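Scroll down for the structure; my scribbles are underneath it.
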Amino acid sequence: MRWPVAARAAVALGIPLTVTTLLGHQTFGLLIGTGVFTVLYGAGRPLRTRLVLLLTVGLAMVASVFVGTLTTGNPLVSIVVVAAIGMVATQISHALRLGAPGAFFFVLLAGVGGYLPAHGVHPGTLVAATAIGAAVAVVVAMSDLVVRPRGPQEDAVAAARTAVDAFVKAGSAAPDAELRSATATDALHDAWTTLADGGDPVSGDARARALVADLHRVQHTYSGFQLPGDVPDPELHAEVTEGPLGQPSVQRMLRRSLRWPTSALQAAVRVGAGVTIAGLIAWTAGTDHVYWAMAAAMLVLHNGLDRKNTMIRSVHRLVGTVLGLGLFLAVHALVDLGGPWVLVITLVVLQGAVELLVVRNYAAAVLFITPLALTIGTAGTGAAVGDVALERLLDTAIGITVAVAVPWLVFRRGTPGLVRAHLARVLTSAAAALDHLGAGTHRRPVGRAGLRDLAVDMQELSGVVRRGLQDDPDGIAELLEVREATAWLGFTVLARGCTQIEPASRMEGAAGACRRMAAQLRQGVVPAAEEVRAVRAAAGALGEDD
């Protein structure tokens, strides 16, 4: 359900706007809206991880605005700094799986920080307003946990149950069975991660134990429904592979993402190129709001989508912006007639609408994002509404045109190498997990960390293959069979890691074979799928003779 999240977003903006309007300082309230964007992060996360995330995001928002203010009056420096912030934010958000809205707002606020001080807003006032907004957002974003302390865990388990039921009801022969299976797999993983992050698997609380047991039942329903035998896609024949492993530590996730090549690094480089080029074109064209073009490019590129979905998102962005500009003009016409309280009500409604729609329909969300961001981003500047709308349209066109072009120019031929690298990582992680199974250390913290790495590597492999099938299906065609066999191997090793109790014998050969094939992939040599299947057969025999 999105409406509780939307309600919190609306309240977070409504509180400072109402208070400052009552005090006669509505412009300052609009500036506070820059920090209120913090409320959009962390929805669905349990208490302890949500608080840390919100505080970190809030500080990063304030830092982005502050750094932006240092570039005021230096457009070239501003372009370079904003692009650098975009690259770092994209890298980190991908590495830590930050989720929507990702890295976008850090670039937007850095641009706002460089623009508003040049148009009458004191830098210290802007930074203070952002900090106040972030503080309000953190409190509001945590408020639902007062009523439902385990709400995120309960919702995650319910979502997993719904996804699994939908797959089981449709059947594995349904035309969309692969999509339903992948959806169920993702929902199960998200649920296990949420429970692990919330501490439920190690909690003595009865409700926590019940949630873990409930999710185990959902997992077994999904796994037990699969038909025996080989199938084209390993996601259509899962084993009982998941458990409360959780995610690696923040430091480990960041280190992992710095291995070249990764989707995180590729997305960061594309963002750097796109934001820089869009900024330079807008600056050369003489637009006043150069950061709008950079933000438009950022919004399309930061998710690291394949070329097809990049195009779709760009079209949504352009259509939503055009319609949103009409709404922006209508909002200001209403404000001129109705006064400041009309503005308060309108912006609160817009904030809630954005959060309600952003997951379901991006184009519709942009319709409401445009007037919201324009109103906040021009607060205190006295800019003419009509001129602002025309310039926004030009900057958006520049930004999305660059964003569409970048995936065709940057790493256009890099998909096969990316897939090979991730195949090698899965095999390397499988080898480490097999070592722990052989030594009997797989249930210790170090062994569980190894299983966690394998699970994350498999998820990343699945993601890069899905993007590769869109961007370069011919280039990765020779890798698909070995990818399937590798996925099966990973599933089997994870399953044994969750169920095996005693040390398993004869694992040295299987682990060595995994490392040898990983080394081949790093050298550009694709091993035969039969070799991977042979290792899986050995791993699948664990526990049968031990």
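If you're wondering about the labels, chains in the structure tokens are A, B, ... by order shown, residues count from 1 in each chain, ligands from 1 in order shown.
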Please build the interface table for segment 385-489 of chain A against segment 171-182 of chain A with a cut-off of 12 Å, listing for each qualifying residue the nearest atom pair and the distance in Å to one decimal; count only C-alpha atoms, order rows by chain and increasing number, and write it as CSV.
```
residue,atom,partner,partner_atom,distance
A:Gln459,CA,A:Ala182,CA,10.9
A:Ser462,CA,A:Ala182,CA,9.8
A:Gly463,CA,A:Ala182,CA,11.0
A:Arg466,CA,A:Ala182,CA,11.1
```
Go ahead and write the selection's residues with all heavy atoms as a PDB file, in the first residue's frame.
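Below is the file that was written, out30.pdb:
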```
ATOM      1  N   GLN A 459      21.895 -12.520  -7.293  1.00  0.00           N
ATOM      2  CA  GLN A 459      20.903 -11.482  -7.600  1.00  0.00           C
ATOM      3  C   GLN A 459      21.469 -10.489  -8.617  1.00  0.00           C
ATOM      4  O   GLN A 459      20.771 -10.071  -9.555  1.00  0.00           O
ATOM      5  CB  GLN A 459      20.495 -10.764  -6.321  1.00  0.00           C
ATOM      6  CG  GLN A 459      19.722 -11.615  -5.338  1.00  0.00           C
ATOM      7  CD  GLN A 459      19.929 -11.162  -3.912  1.00  0.00           C
ATOM      8  OE1 GLN A 459      20.247 -10.008  -3.666  1.00  0.00           O
ATOM      9  NE2 GLN A 459      19.760 -12.072  -2.968  1.00  0.00           N
ATOM     10  N   SER A 462      21.527 -12.039 -12.078  1.00  0.00           N
ATOM     11  CA  SER A 462      20.192 -12.043 -12.677  1.00  0.00           C
ATOM     12  C   SER A 462      19.854 -10.682 -13.261  1.00  0.00           C
ATOM     13  O   SER A 462      19.302 -10.573 -14.368  1.00  0.00           O
ATOM     14  CB  SER A 462      19.150 -12.446 -11.624  1.00  0.00           C
ATOM     15  OG  SER A 462      17.850 -12.447 -12.162  1.00  0.00           O
ATOM     16  N   GLY A 463      20.212  -9.619 -12.543  1.00  0.00           N
ATOM     17  CA  GLY A 463      19.922  -8.262 -13.009  1.00  0.00           C
ATOM     18  C   GLY A 463      20.682  -7.907 -14.274  1.00  0.00           C
ATOM     19  O   GLY A 463      20.107  -7.346 -15.217  1.00  0.00           O
ATOM     20  N   ARG A 466      19.231  -9.762 -17.288  1.00  0.00           N
ATOM     21  CA  ARG A 466      17.962  -9.183 -17.760  1.00  0.00           C
ATOM     22  C   ARG A 466      18.222  -7.924 -18.589  1.00  0.00           C
ATOM     23  O   ARG A 466      17.596  -7.724 -19.635  1.00  0.00           O
ATOM     24  CB  ARG A 466      17.053  -8.865 -16.576  1.00  0.00           C
ATOM     25  CG  ARG A 466      16.347 -10.076 -15.987  1.00  0.00           C
ATOM     26  CD  ARG A 466      15.149  -9.654 -15.147  1.00  0.00           C
ATOM     27  NE  ARG A 466      15.542  -8.952 -13.948  1.00  0.00           N
ATOM     28  CZ  ARG A 466      15.734  -9.535 -12.768  1.00  0.00           C
ATOM     29  NH1 ARG A 466      15.587 -10.846 -12.647  1.00  0.00           N
ATOM     30  NH2 ARG A 466      16.068  -8.829 -11.713  1.00  0.00           N
TER      31      ARG A 466
END
```
Report the residues of segment 112-353 of chain A whose backbone DSSP state falls under helix (DSSP H, G or I), written as a PyMOL selection string.
-> chain A and resi 112-119+123-142+144-147+151-170+177-198+200-202+206-225+234-236+250-257+263-285+290-301+307-338+340-353
Write out as a ChimeraX atom specification the residues lying within 10 Å of Thr415 of chain A, counting only C-alpha atoms and excluding same-chain residues fewer than 5 positions away.
-> /A:261,263,420-421,464-465,467-469,471-473,475-476
May I ask for the distance between atom CA of Asp144 of chain A and atom CA of Leu51 of chain A, given in Å to one decimal place?
-> 12.3 Å
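Closest approach to Met61 of chain A from the set A:Val82, A:Val331, A:Leu76, A:Val107 is made by A:Val107, with distances taken over only C-alpha atoms.
The neighbours of Ala63 of chain A here are the residues that come within 9 Å of it, using only C-alpha atoms and leaving out any residue fewer than 6 positions away in the same chain; they are Phe106, Ala110 and Val127 of chain A.
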Can you write just those residues out, N, CA and C atoms, as an mmCIF file, in the first residue's frame?
```cif
data_model
loop_
_atom_site.group_PDB
_atom_site.id
_atom_site.type_symbol
_atom_site.label_atom_id
_atom_site.label_comp_id
_atom_site.auth_asym_id
_atom_site.auth_seq_id
_atom_site.Cartn_x
_atom_site.Cartn_y
_atom_site.Cartn_z
ATOM 1 N N PHE A 106 19.924 14.272 -4.643
ATOM 2 C CA PHE A 106 21.202 14.853 -4.245
ATOM 3 C C PHE A 106 21.730 15.777 -5.352
ATOM 4 N N ALA A 110 21.959 19.877 -5.016
ATOM 5 C CA ALA A 110 23.238 20.534 -5.305
ATOM 6 C C ALA A 110 23.026 21.648 -6.325
ATOM 7 N N VAL A 127 20.814 26.505 3.614
ATOM 8 C CA VAL A 127 21.338 25.305 4.283
ATOM 9 C C VAL A 127 20.548 25.030 5.561
#
```
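With atom CA of Val269 of chain A on one side and atom CA of Gly524 of chain A on the other, the separation reads 23.1 Å.
Look at Leu480 of chain A: the protein and nucleic acid residues within 10 Å of it, using only C-alpha atoms and passing over chain neighbours fewer than 2 places away, are Asp233, Val419, Val465, Leu469, Pro473, Ile476, Ala477, Glu478, Val482, Arg483, Glu484, Ala485, Thr486 and Ala529 of chain A.
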